[in-house]
Structure formats: C-alpha cells, structure tokens
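Here is entry27.cif, consisting of mmCIF, C-alpha atoms:
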```cif
data_final
#
loop_
_atom_site.label_atom_id
_atom_site.label_comp_id
_atom_site.auth_asym_id
_atom_site.auth_seq_id
_atom_site.Cartn_x
_atom_site.Cartn_y
_atom_site.Cartn_z
CA MET Q 1 -34.79 -9.29 10.68
CA SER Q 2 -31.47 -10.84 11.74
CA LEU Q 3 -28.07 -9.25 11.36
CA LEU Q 4 -27.21 -11.69 8.58
CA ASP Q 5 -30.32 -10.80 6.60
CA LYS Q 6 -29.97 -7.02 6.77
CA VAL Q 7 -28.64 -5.50 3.58
CA LEU Q 8 -28.76 -2.07 2.06
CA SER Q 9 -31.82 -1.86 -0.17
CA ARG Q 10 -32.94 0.22 -3.16
CA GLN Q 11 -29.41 0.72 -4.46
CA PRO Q 12 -28.21 0.56 -8.06
CA SER Q 13 -25.62 -2.06 -8.86
CA ARG Q 14 -22.07 -0.87 -9.46
CA ALA Q 15 -22.53 -1.34 -13.20
CA GLU Q 16 -25.76 0.69 -13.17
CA PHE Q 17 -24.09 3.41 -11.13
CA ALA Q 18 -21.13 3.60 -13.54
CA GLN Q 19 -23.59 4.13 -16.41
CA LYS Q 20 -25.26 6.95 -14.43
CA ILE Q 21 -21.91 8.67 -14.06
CA ILE Q 22 -21.09 8.17 -17.75
CA ARG Q 23 -24.40 9.76 -18.75
CA ALA Q 24 -23.74 12.66 -16.39
CA PHE Q 25 -20.30 13.23 -17.93
CA ARG Q 26 -21.73 13.22 -21.43
CA GLU Q 27 -24.52 15.60 -20.43
CA ALA Q 28 -21.76 17.88 -19.14
CA GLY Q 29 -20.11 17.78 -22.56
CA ILE Q 30 -17.42 15.19 -21.81
CA GLU Q 31 -17.87 12.54 -24.50
CA GLN Q 32 -14.66 10.52 -24.08
CA VAL Q 33 -15.56 8.44 -21.04
CA GLU Q 34 -15.82 4.66 -20.87
CA PRO Q 35 -15.96 2.04 -18.09
CA ALA Q 36 -12.59 0.44 -17.31
CA GLU Q 37 -12.52 -3.28 -18.00
CA GLY Q 38 -12.88 -5.34 -14.81
CA ASP Q 39 -12.63 -2.27 -12.54
CA PHE Q 40 -15.08 0.04 -10.76
CA SER Q 41 -13.64 3.07 -12.51
CA LEU Q 42 -13.93 5.16 -15.66
CA LYS Q 43 -11.37 6.05 -18.32
CA LEU Q 44 -11.45 9.65 -19.50
CA GLY Q 45 -9.93 11.11 -22.63
CA GLY Q 46 -6.19 11.62 -22.24
CA GLY Q 47 -5.72 8.45 -20.18
CA SER Q 48 -7.02 9.64 -16.81
CA THR Q 49 -8.78 7.13 -14.56
CA ILE Q 50 -11.54 8.05 -12.10
CA PHE Q 51 -12.34 5.58 -9.30
CA LEU Q 52 -15.97 5.36 -8.26
CA GLY Q 53 -15.92 3.45 -4.96
CA SER Q 54 -16.33 6.36 -2.57
CA VAL Q 55 -18.82 8.40 -4.58
CA TYR Q 56 -20.93 5.23 -4.96
CA ALA Q 57 -20.91 4.76 -1.16
CA ASN Q 58 -21.92 8.41 -0.68
CA TYR Q 59 -24.66 8.09 -3.30
CA CYS Q 60 -26.17 5.05 -1.54
CA ARG Q 61 -25.92 6.68 1.89
CA VAL Q 62 -27.75 9.97 1.28
CA LYS Q 63 -31.49 10.56 0.89
CA ARG Q 64 -32.93 9.90 -2.56
CA SER Q 65 -33.60 13.63 -3.00
CA LEU Q 66 -29.85 14.35 -2.67
CA ARG Q 67 -28.49 11.60 -4.91
CA GLU Q 68 -28.43 13.57 -8.14
CA THR Q 69 -26.57 16.34 -6.31
CA VAL Q 70 -23.87 13.84 -5.30
CA ILE Q 71 -23.41 12.88 -8.97
CA SER Q 72 -23.43 16.44 -10.31
CA GLU Q 73 -20.87 17.64 -7.73
CA PHE Q 74 -18.61 14.66 -8.47
CA VAL Q 75 -18.73 15.22 -12.23
CA ALA Q 76 -18.10 18.95 -11.81
CA ALA Q 77 -15.04 18.25 -9.64
CA ALA Q 78 -13.64 15.73 -12.12
CA ALA Q 79 -14.26 17.96 -15.13
CA SER Q 80 -12.56 20.96 -13.52
CA ILE Q 81 -9.19 19.31 -12.88
CA PRO Q 82 -6.67 20.93 -15.24
CA ALA Q 83 -3.61 19.31 -16.74
CA LEU Q 84 -0.73 18.99 -14.30
CA PRO Q 85 2.20 21.36 -14.70
CA VAL Q 86 5.78 20.23 -15.25
CA ILE Q 87 7.63 20.46 -11.94
CA PRO Q 88 11.07 22.07 -12.39
CA SER Q 89 14.12 19.88 -11.77
CA ASP Q 90 15.93 22.83 -10.15
CA PHE Q 91 15.05 23.00 -6.41
CA ALA Q 92 15.72 26.76 -6.32
CA MET Q 93 12.89 27.23 -8.79
CA VAL Q 94 10.52 24.88 -6.94
CA LYS Q 95 11.25 26.05 -3.39
CA PRO Q 96 9.06 29.22 -3.39
CA SER Q 97 6.05 27.16 -4.53
CA LEU Q 98 6.31 24.22 -2.12
CA MET Q 99 3.43 23.87 0.35
CA PRO Q 100 2.62 21.31 3.08
CA VAL Q 101 -0.65 19.40 2.67
CA LEU Q 102 -2.54 17.14 5.06
CA ARG Q 103 -3.76 13.77 3.82
CA GLY Q 104 -5.63 10.82 5.28
CA ALA Q 105 -3.37 7.78 5.70
CA ALA Q 106 -6.13 5.53 4.33
CA SER Q 107 -5.95 7.21 0.93
CA PHE Q 108 -2.31 6.12 0.50
CA SER Q 109 -3.07 2.54 1.53
CA ILE Q 110 -5.94 2.37 -0.96
CA GLU Q 111 -3.72 3.91 -3.63
CA SER Q 112 -1.15 1.19 -2.99
CA LEU Q 113 -3.82 -1.48 -3.45
CA MET Q 114 -4.84 0.11 -6.74
CA ASN Q 115 -1.24 -0.13 -7.93
CA ARG Q 116 -0.96 -3.74 -6.81
CA LYS Q 117 -4.15 -4.62 -8.61
CA ASN Q 118 -2.97 -2.95 -11.81
CA GLY Q 119 0.47 -4.58 -11.64
CA ARG Q 120 2.33 -1.38 -10.84
CA GLY Q 121 4.87 -1.12 -8.07
CA ALA Q 122 4.95 2.67 -8.29
CA ALA Q 123 2.26 4.92 -6.90
CA PRO Q 124 0.25 6.98 -9.37
CA CYS Q 125 0.15 10.73 -9.28
CA ALA Q 126 -3.35 11.27 -7.92
CA LEU Q 127 -5.61 14.19 -7.13
CA PRO Q 128 -8.51 13.63 -4.69
CA LEU Q 129 -12.08 14.17 -5.77
CA GLY Q 130 -15.12 14.53 -3.55
CA GLY Q 131 -15.81 11.55 -1.28
CA GLY Q 132 -12.26 10.28 -1.26
CA ASP Q 133 -12.06 9.12 -4.87
CA MET Q 134 -8.97 9.92 -6.91
CA VAL Q 135 -8.19 10.66 -10.53
CA THR Q 136 -4.96 9.03 -11.70
CA VAL Q 137 -2.90 11.16 -14.03
CA ASP Q 138 0.59 9.73 -14.51
CA PRO Q 139 2.79 7.12 -12.85
CA GLY Q 140 5.18 8.38 -10.21
CA MET Q 141 7.48 6.88 -7.63
CA GLY Q 142 5.43 7.28 -4.47
CA GLU Q 143 4.42 10.37 -2.54
CA LEU Q 144 6.63 11.26 0.43
CA THR Q 145 4.81 11.85 3.71
CA LYS Q 146 5.43 12.36 7.41
CA PRO Q 147 3.05 11.13 10.14
CA LEU Q 148 1.23 13.87 12.07
CA ALA Q 149 -1.32 12.20 14.36
CA GLY Q 150 -3.89 9.42 14.20
CA GLY Q 151 -4.90 8.95 10.58
CA LEU Q 152 -3.24 12.16 9.36
CA VAL Q 153 0.00 12.49 7.41
CA VAL Q 154 1.77 15.50 5.90
CA GLY Q 155 2.79 15.57 2.25
CA LEU Q 156 4.32 18.12 -0.09
CA ALA Q 157 2.72 19.91 -3.01
CA TYR Q 158 3.85 22.18 -5.83
CA ASP Q 159 1.43 25.10 -5.83
CA THR Q 160 0.68 27.09 -8.98
CA GLU Q 161 -2.08 29.51 -9.88
CA ARG Q 162 -4.41 26.75 -11.11
CA THR Q 163 -3.13 23.46 -9.68
CA ILE Q 164 -1.84 21.75 -6.55
CA THR Q 165 0.43 18.89 -7.60
CA SER Q 166 1.76 16.20 -5.26
CA ILE Q 167 5.53 15.82 -4.88
CA TYR Q 168 6.99 12.34 -5.39
CA ARG Q 169 10.26 10.56 -4.72
CA ASP Q 170 11.61 10.99 -8.22
CA HIS Q 171 11.50 14.76 -7.77
CA PHE Q 172 13.91 14.52 -4.84
CA GLU Q 173 16.38 12.56 -6.93
CA LYS Q 174 16.51 15.50 -9.35
CA TRP Q 175 16.70 18.17 -6.67
CA GLY Q 176 19.39 16.61 -4.50
CA VAL Q 177 17.86 17.88 -1.22
CA SER Q 178 16.74 16.12 1.95
CA LEU Q 179 13.12 15.55 2.87
CA GLU Q 180 13.53 17.73 5.97
CA GLU Q 181 14.87 20.63 3.91
CA ALA Q 182 11.89 20.46 1.57
CA PHE Q 183 9.38 20.23 4.41
CA LYS Q 184 11.00 23.23 6.14
CA ALA Q 185 10.73 25.28 2.95
CA ALA Q 186 7.09 24.32 2.57
CA LYS Q 187 6.26 25.25 6.17
CA ASP Q 188 8.05 28.59 5.78
CA ASN Q 189 5.94 29.29 2.68
CA LEU Q 190 2.79 28.46 4.62
CA TRP Q 191 3.83 30.93 7.32
CA GLU Q 192 4.20 33.67 4.71
CA LYS Q 193 0.65 33.01 3.49
CA THR Q 194 -0.83 32.98 6.99
CA ASP Q 195 -2.45 36.03 8.55
CA PRO Q 196 -3.27 34.98 12.14
CA ASN Q 197 -6.19 37.39 12.13
CA ARG Q 198 -7.96 35.15 9.60
CA PHE Q 199 -8.81 32.79 12.48
CA ALA Q 200 -12.39 33.97 13.15
CA GLY Q 201 -13.65 33.24 16.65
CA GLN Q 202 -16.89 33.39 18.59
CA ASN Q 203 -17.67 31.94 22.03
CA GLY Q 204 -14.41 30.00 22.18
CA VAL Q 205 -14.76 28.34 18.75
CA TYR Q 206 -12.40 29.37 15.94
CA HIS Q 207 -12.65 28.74 12.23
CA GLY Q 208 -9.95 29.44 9.64
CA GLU Q 209 -10.97 31.84 6.87
CA TRP Q 210 -7.93 31.76 4.57
CA ALA Q 211 -9.86 29.96 1.81
CA ASP Q 212 -6.70 29.07 -0.10
CA SER Q 213 -6.88 25.23 -0.01
CA TYR Q 214 -4.42 25.14 2.93
CA ASP Q 215 -6.68 25.87 5.91
CA SER Q 216 -6.24 22.34 7.29
CA SER Q 217 -2.46 22.53 6.77
CA ARG Q 218 -2.30 25.26 9.39
CA MET Q 219 -2.55 22.60 12.05
CA LEU Q 220 1.23 22.53 11.51
CA LEU Q 221 1.54 26.14 12.70
CA THR Q 222 1.15 25.31 16.38
CA GLU Q 223 2.31 28.78 17.40
CA VAL Q 224 -0.80 30.21 15.74
CA ILE Q 225 -3.01 27.63 17.44
CA TYR Q 226 -1.60 28.47 20.87
CA ARG Q 227 -2.48 32.14 20.38
CA LEU Q 228 -6.19 31.29 20.40
CA SER Q 229 -8.17 31.85 23.59
CA VAL Q 230 -9.71 28.44 24.28
CA ASP Q 231 -10.84 26.71 27.48
CA GLY Q 232 -8.34 23.91 28.07
CA ASP Q 233 -5.92 22.37 25.58
CA PRO Q 234 -6.57 23.22 21.91
CA VAL Q 235 -8.66 20.68 19.99
CA ALA Q 236 -8.71 20.72 16.19
CA PHE Q 237 -11.18 19.29 13.69
CA VAL Q 238 -10.27 19.11 9.99
CA PRO Q 239 -13.30 17.58 8.23
CA ASN Q 240 -11.89 18.47 4.82
CA ARG Q 241 -8.91 20.16 3.20
CA ASP Q 242 -10.49 23.61 3.31
CA GLN Q 243 -11.56 23.72 6.95
CA LEU Q 244 -9.82 24.00 10.31
CA TRP Q 245 -11.89 24.33 13.48
CA VAL Q 246 -10.37 24.84 16.94
CA THR Q 247 -11.82 24.96 20.45
CA GLY Q 248 -10.77 23.75 23.93
CA THR Q 249 -10.93 20.41 25.75
CA ASN Q 250 -13.06 21.93 28.55
CA ASP Q 251 -15.53 23.63 26.22
CA VAL Q 252 -18.35 21.12 25.75
CA ALA Q 253 -20.55 23.69 24.01
CA GLY Q 254 -17.67 24.62 21.71
CA LEU Q 255 -16.88 21.00 20.86
CA THR Q 256 -20.56 20.37 20.19
CA ALA Q 257 -20.76 23.33 17.81
CA LEU Q 258 -17.54 22.27 16.13
CA LEU Q 259 -18.73 18.71 15.47
CA LYS Q 260 -22.15 19.78 14.25
CA ALA Q 261 -20.70 22.36 11.88
CA GLY Q 262 -17.97 20.11 10.52
CA ALA Q 263 -19.83 16.82 10.24
CA GLU Q 264 -21.89 17.70 7.18
CA SER Q 265 -18.95 19.28 5.38
CA HIS Q 266 -16.88 16.11 5.71
CA PHE Q 267 -19.19 14.25 3.35
CA LYS Q 268 -20.86 16.98 1.32
CA GLN Q 269 -17.82 19.04 0.35
CA GLY Q 270 -14.82 18.03 -1.69
CA HIS Q 271 -11.48 16.77 -0.36
CA PRO Q 272 -12.66 15.03 2.85
CA LEU Q 273 -9.85 14.67 5.34
CA SER Q 274 -10.51 13.27 8.82
CA PRO Q 275 -13.56 12.39 10.94
CA ASP Q 276 -11.46 12.56 14.15
CA LEU Q 277 -10.60 15.18 16.75
CA TYR Q 278 -6.98 16.05 17.63
CA VAL Q 279 -5.63 17.64 20.81
CA LEU Q 280 -2.43 19.74 20.98
CA LEU Q 281 -0.30 18.66 23.96
CA ASP Q 282 3.16 20.15 24.50
CA GLY Q 283 3.38 21.15 20.85
CA THR Q 284 2.39 17.73 19.50
CA TRP Q 285 -0.96 16.72 18.00
CA LYS Q 286 -2.56 13.54 19.33
CA LEU Q 287 -5.81 11.74 18.58
CA TYR Q 288 -8.51 12.95 20.98
CA VAL Q 289 -11.59 11.09 22.21
CA PRO Q 290 -13.76 13.26 24.51
CA GLU Q 291 -14.89 11.84 27.85
CA ASP Q 292 -18.30 13.50 27.55
CA GLN Q 293 -20.79 10.95 26.20
CA SER Q 294 -22.84 13.54 24.30
CA LEU Q 295 -19.73 14.49 22.34
CA ARG Q 296 -18.90 10.85 21.63
CA ASP Q 297 -22.43 10.42 20.33
CA LEU Q 298 -21.79 13.23 17.83
CA LEU Q 299 -18.31 12.06 16.86
CA LEU Q 300 -18.98 8.36 16.40
CA PRO Q 301 -21.46 8.57 13.48
CA ILE Q 302 -19.00 10.71 11.49
CA LYS Q 303 -16.21 8.20 12.00
CA ARG Q 304 -18.55 5.27 11.34
CA GLN Q 305 -19.67 6.66 7.98
CA ARG Q 306 -16.09 7.51 6.94
CA ASP Q 307 -14.93 3.99 7.85
CA ALA Q 308 -17.79 2.51 5.84
CA ILE Q 309 -16.64 4.38 2.72
CA ASP Q 310 -12.96 3.46 3.15
CA TYR Q 311 -13.62 -0.17 4.03
CA SER Q 312 -15.98 -0.58 1.07
CA GLN Q 313 -13.34 0.65 -1.39
CA GLN Q 314 -10.63 -1.40 0.32
CA GLN Q 315 -12.78 -4.55 0.25
CA GLY Q 316 -13.44 -4.26 -3.47
CA LEU Q 317 -9.75 -3.83 -4.27
CA LEU Q 318 -8.67 -6.71 -2.03
CA ASN Q 319 -11.24 -9.02 -3.61
CA ASP Q 320 -9.97 -8.12 -7.09
CA ILE Q 321 -6.34 -8.63 -6.01
CA HIS Q 322 -7.06 -11.97 -4.40
CA LYS Q 323 -8.83 -13.15 -7.55
CA LEU Q 324 -5.90 -12.09 -9.74
CA GLU Q 325 -3.27 -13.55 -7.41
CA GLU Q 326 -5.32 -16.68 -6.59
CA ILE Q 327 -5.36 -15.97 -2.85
CA ASP Q 328 -8.10 -17.73 -0.89
CA ILE Q 329 -8.96 -15.24 1.87
CA PHE Q 330 -12.44 -13.91 2.61
CA VAL Q 331 -12.54 -10.10 2.97
CA ALA Q 332 -15.31 -9.36 5.46
CA GLY Q 333 -17.53 -6.33 4.97
CA TYR Q 334 -17.97 -3.39 7.34
CA LYS Q 335 -21.71 -2.88 7.76
CA ILE Q 336 -23.77 -0.25 9.57
CA PHE Q 337 -27.01 -1.42 11.16
CA GLU Q 338 -29.84 0.49 12.82
CA ARG Q 339 -31.54 -0.64 16.02
CA GLU Q 340 -35.26 -0.30 16.65
CA ASP Q 341 -34.63 2.74 18.86
CA GLY Q 342 -32.94 4.55 15.95
CA THR Q 343 -29.36 4.21 17.18
CA ALA Q 344 -26.79 2.63 14.89
CA TYR Q 345 -23.70 0.44 15.15
CA SER Q 346 -21.10 -1.12 12.88
CA ALA Q 347 -20.36 -4.83 12.70
CA CYS Q 348 -18.38 -7.43 10.79
CA ILE Q 349 -18.89 -11.19 10.54
CA TRP Q 350 -16.36 -13.81 11.68
CA THR Q 351 -17.37 -17.10 10.04
CA ASN Q 352 -16.44 -20.53 11.32
CA GLY Q 353 -14.00 -22.40 9.07
CA ILE Q 354 -13.14 -19.46 6.79
CA ASP Q 355 -9.76 -17.71 6.66
CA SER Q 356 -10.78 -14.05 6.79
CA LEU Q 357 -9.69 -10.41 6.96
CA LEU Q 358 -11.87 -8.54 9.44
CA PRO Q 359 -12.40 -4.77 9.52
CA GLN Q 360 -12.26 -3.17 12.95
CA ALA Q 361 -15.93 -2.54 13.67
CA GLU Q 362 -17.79 -1.79 16.91
CA ASN Q 363 -19.14 -5.34 17.10
CA ILE Q 364 -18.27 -8.79 15.80
CA ALA Q 365 -20.97 -11.24 14.72
CA PHE Q 366 -19.61 -14.75 15.30
CA LEU Q 367 -21.20 -17.16 12.81
CA ALA Q 368 -20.65 -20.53 14.44
CA ASP Q 369 -22.87 -22.53 12.06
CA LEU Q 370 -23.46 -21.17 8.58
CA GLU Q 371 -26.27 -23.56 7.68
CA GLY Q 372 -28.04 -23.33 11.02
CA LYS Q 373 -27.42 -19.58 11.29
CA ASP Q 374 -26.12 -19.98 14.83
CA HIS Q 375 -24.61 -16.57 15.48
CA PHE Q 376 -24.06 -14.18 18.37
CA VAL Q 377 -22.84 -10.59 18.47
CA VAL Q 378 -20.15 -9.34 20.87
CA PRO Q 379 -18.71 -5.81 21.25
CA TRP Q 380 -15.25 -5.60 19.67
CA ASP Q 381 -13.30 -4.75 22.84
CA ALA Q 382 -15.03 -7.48 24.84
CA ALA Q 383 -14.37 -10.03 22.10
CA VAL Q 384 -10.69 -9.08 21.88
CA SER Q 385 -10.32 -9.75 25.60
CA VAL Q 386 -11.19 -13.39 24.84
CA VAL Q 387 -9.83 -14.04 21.34
CA GLY Q 388 -7.25 -11.30 20.85
CA SER Q 389 -4.54 -13.91 20.26
CA LEU Q 390 -6.40 -15.09 17.13
CA LEU Q 391 -6.31 -11.64 15.48
CA GLU Q 392 -3.21 -10.78 13.44
CA GLN Q 393 -3.06 -7.20 12.13
CA GLU Q 394 -2.54 -7.32 8.38
CA PRO Q 395 0.47 -5.13 7.46
CA GLY Q 396 0.12 -2.21 5.06
CA LEU Q 397 -3.65 -1.79 5.29
CA MET Q 398 -5.42 1.39 6.38
CA PRO Q 399 -8.10 1.30 7.65
CA ILE Q 400 -6.88 -1.61 9.76
CA ARG Q 401 -7.84 -5.23 9.11
CA TYR Q 402 -7.09 -8.35 11.11
CA ARG Q 403 -6.36 -11.81 9.72
CA VAL Q 404 -8.28 -14.60 11.49
CA ARG Q 405 -7.19 -18.05 10.39
CA GLN Q 406 -9.24 -20.07 12.84
CA PHE Q 407 -12.53 -19.75 14.70
CA PRO Q 408 -12.69 -19.53 18.51
CA ASN Q 409 -12.64 -22.95 20.20
CA ALA Q 410 -15.51 -24.29 22.29
CA GLU Q 411 -14.22 -22.80 25.55
CA GLN Q 412 -13.72 -19.39 23.94
CA GLN Q 413 -17.15 -19.53 22.32
CA ALA Q 414 -18.74 -20.21 25.69
CA ARG Q 415 -17.05 -17.15 27.17
CA LEU Q 416 -18.00 -15.03 24.17
CA ARG Q 417 -21.67 -16.05 24.37
CA LYS Q 418 -21.77 -14.72 27.95
CA LEU Q 419 -20.62 -11.34 26.60
CA ALA Q 420 -23.09 -11.32 23.68
CA MET Q 421 -25.38 -8.34 23.13
#
```
Written as structure tokens, how would this file's structure read?
Amino acid sequence: MSLLDKVLSRQPSRAEFAQKIIRAFREAGIEQVEPAEGDFSLKLGGGSTIFLGSVYANYCRVKRSLRETVISEFVAAAASIPALPVIPSDFAMVKPSLMPVLRGAASFSIESLMNRKNGRGAAPCALPLGGGDMVTVDPGMGELTKPLAGGLVVGLAYDTERTITSIYRDHFEKWGVSLEEAFKAAKDNLWEKTDPNRFAGQNGVYHGEWADSYDSSRMLLTEVIYRLSVDGDPVAFVPNRDQLWVTGTNDVAGLTALLKAGAESHFKQGHPLSPDLYVLLDGTWKLYVPEDQSLRDLLLPIKRQRDAIDYSQQQGLLNDIHKLEEIDIFVAGYKIFEREDGTAYSACIWTNGIDSLLPQAENIAFLADLEGKDHFVVPWDAAVSVVGSLLEQEPGLMPIRYRVRQFPNAEQQARLRKLAM
C-alpha cells in the first residue's frame, strides 16, 4: 500500500464522535449539551464551549478496549470544572494567591486560531481538559506569558481552594503593576509552597510529590533542581501539569526510566504539557535531545504523537478559517505511518501546483504528478538542504508550518530523487 493510500481506518467520523460525547454527557446527568453549528465542539449549559479535536485524536489512537475510558475521563474532567471566581481588582488582595503555571506554546496558538475563526480578536478565558482540549468560559484580553524553553511558556494563575484561573491583560490594567512584579510575587508564593524534601529520588531519578497542580511549575525553582544529586547536568521531563521528573545528562538508565514512566502519563492523564526533554545549563533551561540513539527512540514516538494531535486540531481550524475568509491555501496533514518492520515515521505531502502550508514532519512526500501518482519521499532535513529557499515559515503558528507557493523545479527534483528513501 502506497503512502498516498494509507489512511487511518475503523474510526468514527467527527459527527459520530460528537454524538458519542453528547450521549456520555447525558448519561452522566448533563442534559444541556448540543453540537456547535459548523464547529467540532459542544455547547454546554451556561454558554461554555468544549472543543473535541484533541480527545478525538486520542480516541482514534488508542486500542479499541481503551476508547470508552478516553471518553469517560474526558467527560468527567469537563463536568468537574467549577464556575470561575471573580478576580479582585486590588493587587494587594490578589498577590498572595498568584501562582506561576507552565503551558505549551501550541495551546496559545490554537486558541488564537479559535478566536480568529469565531470573529473575536480577544483570547477566551480557557481551562485545559485532558488531551489538550479547552473549555471556553468567558472572553478576556489575552493571557500574558513569558518564554521558558522550547515549546514551554510561563503564565500566571489565580489560585483558590477549588479553581486555578488564568490571569489576562485586563487584570493588569486594573492592578496597575508590571508583569515582572506579578511574576515575582507568583514565584515567591511557589517557593512558600515548596518543601524540597518532596522531591523523591531513587538511583539518580527524582520525581516531585507535591501533588498540588504545580509540580511542573517547579522547573522555575532552579535552586531546588541544583540540589539534586544527578550524574551530569540536570534534565527535566514535564509530561503533564502534575509531574516533574529530573535526572542527569550522563545517566542513560535514569533517562530511560524517566521517559518510560512519563510517556504514558502525557496522553493518559489530564493537562498534558510537553513531550520534550529540557536541560539546565548555567541556570537556564534549554531544549535537550540526547545523543544516545536508544533514548531518541523512546523520545521520538512521544513527540510524534503529540505533534499529530496538535497538527490535527490546527489543520481543522485553518481549513475553517480559510473557508470563511475565502483563502485558497491547502493545509497539508501530518500523518504517522508504520513500516513493515514495525517502526513508524511522520510525513506530509507537498503537491505540485498547489499553494500549501506544510507541517514539519520527519519526511516529505513530493507528489510530482497527482494523476500519475508519481511521488517520492525524502527525509525533512535532506529535503531542506535542496529546497529550503522555497519554505517560508508561517508567522503565528505553533506547531510550525511552512508556506510553499511553488513546487521544486526539474533540477531540484532530480537532486531530491537521489535522496529519496
């Protein structure tokens, strides 16, 4: 079966899946739930909107025996979200309850696309559900964040006994304080809640046991990280909001244990965060890719599956936006394929004569002749060495996409074919 003919099979359509979720909500006693017109989302009583893109991708990915569990966990998470509290307009009252939170940069980019699609310039106030989906509560003016490393950013939250509420720009206008002052207050509050002895360690691998929804945020407390006895520079893994794993760059066994323990929790627990590793160098976190091939083999499938979820949701939103705004650009899919030996890879298709937005996959399938199905597959890095000048990074999108307005010329195609897999 060719690359172009491979598709995911035995999956419900989006409409069928939405009806499954609606039935699950009603079985859970939530009657006021209806599909949103022209959108892959549901409207709940009170005006909340739940987006289904990521949970649908998770549902299709797991074994059939686990699919009902994916739905039940998603519905339970959505049903348990309480009403948001009113955030005081007096900074002195808010300050003791400010906390720093880690977020994936892709979630903000997708949120921006949702706003664009719905004709809103302002970002909604959103809480994440399992699998990366969000429930929209009220319009805001955009969440304020600071970059940390790779695909991670730091935001602010107002923490109460029952809720964690994102802080937005309009709150700062009321408070009259700088972003740095608010972030400092939040970090100080995190310090007060942090007992360093809650970092449990065995054989050079440490796991946070604070269990207060801010375990991942403690990446910001680099002094605590440096106290750990690890072999090499500290390496952190934050598969979801509630987990922080740390080991050392020289500890292959520790990194292996860390990846195996954290991989499942990234997709099967709520609030997924990052599929990547991060190394602490001179007090600054940086994206880390291990040199050891066995570790790369463990890390890559996690990142590949996360990218598939994010790209799928992004693709659906971009297609809807382009239809509404009458923009003629093809949004290429990010697909995962399995070889005969059981290994997998991701790929996108670059089609001759079509203005396209390509996801950054491991391989590019160049479709030179649509009718004749003349295509060849080239690893991404090798292809970029030949046609990098034809790829324009599209601004404002995360995960990254590249605009390709023209197909490689004959000379470039000849060079690419020599590099084909």
Correct to one decimal, the distance atom CA of Q:Phe40-atom CA of Q:Thr69 is 20.4 Å
With a distance cut-off of 8 Å and all atoms listed in the file, select the neighbouring residues of stretch 238-251 of chain Q, excluding the residue or stretch itself and same-chain residues fewer than 2 positions from it, and output the selection as a PyMOL selection string.
chain Q and resi 102+204-208+211-219+225+230-236+253-255+258+262-263+265-266+269-277+279+290
Under the rule that all atoms listed in the file are counted, which of Q:Phe74, Q:Tyr334, Q:Phe237, Q:Phe199 is the nearest residue to Q:Val289?
Q:Phe237
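Atom CA of Q:Ser312 to atom CA of Q:Tyr59 spans 13.0 Å [interatomic distance, one decimal].
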Edge lengths and centre in Å to one decimal, as JSON, is what I'm after for the box along x, y and z that holds all listed atoms of stretch 209-218 of chain Q once 4 Å is added on each side.
```
{"center_x": -6.6, "center_y": 27.1, "center_z": 4.6, "size_x": 16.7, "size_y": 17.5, "size_z": 17.5}
```
Given the PyMOL selection byres ((chain Q and resi 108) around 10), the residues it picks as a VMD selection string:
chain Q and resid 103 to 107 109 to 114 123 126 142 to 143 145 153 396 to 398
Export of the given selection (C-alpha atoms) as a PDB file, in the frame of the given file:
```pdb
ATOM      1  CA  ARG Q 103      -3.760  13.770   3.820  1.00  0.00           C
ATOM      2  CA  GLY Q 104      -5.630  10.820   5.280  1.00  0.00           C
ATOM      3  CA  ALA Q 105      -3.370   7.780   5.700  1.00  0.00           C
ATOM      4  CA  ALA Q 106      -6.130   5.530   4.330  1.00  0.00           C
ATOM      5  CA  SER Q 107      -5.950   7.210   0.930  1.00  0.00           C
ATOM      6  CA  SER Q 109      -3.070   2.540   1.530  1.00  0.00           C
ATOM      7  CA  ILE Q 110      -5.940   2.370  -0.960  1.00  0.00           C
ATOM      8  CA  GLU Q 111      -3.720   3.910  -3.630  1.00  0.00           C
ATOM      9  CA  SER Q 112      -1.150   1.190  -2.990  1.00  0.00           C
ATOM     10  CA  LEU Q 113      -3.820  -1.480  -3.450  1.00  0.00           C
ATOM     11  CA  MET Q 114      -4.840   0.110  -6.740  1.00  0.00           C
ATOM     12  CA  ALA Q 123       2.260   4.920  -6.900  1.00  0.00           C
ATOM     13  CA  ALA Q 126      -3.350  11.270  -7.920  1.00  0.00           C
ATOM     14  CA  GLY Q 142       5.430   7.280  -4.470  1.00  0.00           C
ATOM     15  CA  GLU Q 143       4.420  10.370  -2.540  1.00  0.00           C
ATOM     16  CA  THR Q 145       4.810  11.850   3.710  1.00  0.00           C
ATOM     17  CA  VAL Q 153       0.000  12.490   7.410  1.00  0.00           C
ATOM     18  CA  GLY Q 396       0.120  -2.210   5.060  1.00  0.00           C
ATOM     19  CA  LEU Q 397      -3.650  -1.790   5.290  1.00  0.00           C
ATOM     20  CA  MET Q 398      -5.420   1.390   6.380  1.00  0.00           C
TER      21      MET Q 398
END
```
Test item: the PyMOL selection byres ((chain Q and resi 12-20) around 8) resolved as an MDAnalysis selection string
chainID Q and resid 10:11 21:24 35 40:42 52 56
Would you work out the distance separating atom CA of Q:Leu419 from atom CA of Q:Ser346, expressed in Å to one decimal?
17.1 Å
Selection under test: the PyMOL selection byres ((chain Q and resi 117) around 9); residues as a ChimeraX atom specification:
/Q:112-116,118-120,317-318,320-322,324
Taking all atoms listed in the file into account, name the residue in Q:Pro301, Q:Pro88, Q:Pro395, Q:Gly155 that is nearest to Q:Phe337.
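Checking each candidate against Q:Phe337, we get Q:Pro301 as the closest.
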Polymer residues at most 9 Å from Q:Pro359, all atoms listed in the file, same-chain spacing of 5 or more positions, as a ChimeraX atom specification
/Q:311,331-334,347-348,399-402
Residue with the minimum atom-to-atom distance to Q:Ala200, picked from Q:Ser229, Q:Leu221, Q:Val377, Q:Leu44 with only C-alpha atoms counted, is Q:Ser229
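Taking all atoms listed in the file, the non-local environment of Q:Glu173 within 12 Å (same-chain residues fewer than 3 positions away omitted) comprises Ser89, Asp90, Phe91, Met141, Ile167, Tyr168, Arg169, Asp170, Gly176, Val177, Ser178 and Leu179 of chain Q.
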Q:Ala157, Q:Glu394, Q:Glu411, Q:Tyr345: which is nearest Q:Trp380, counting only C-alpha atoms?
Q:Tyr345
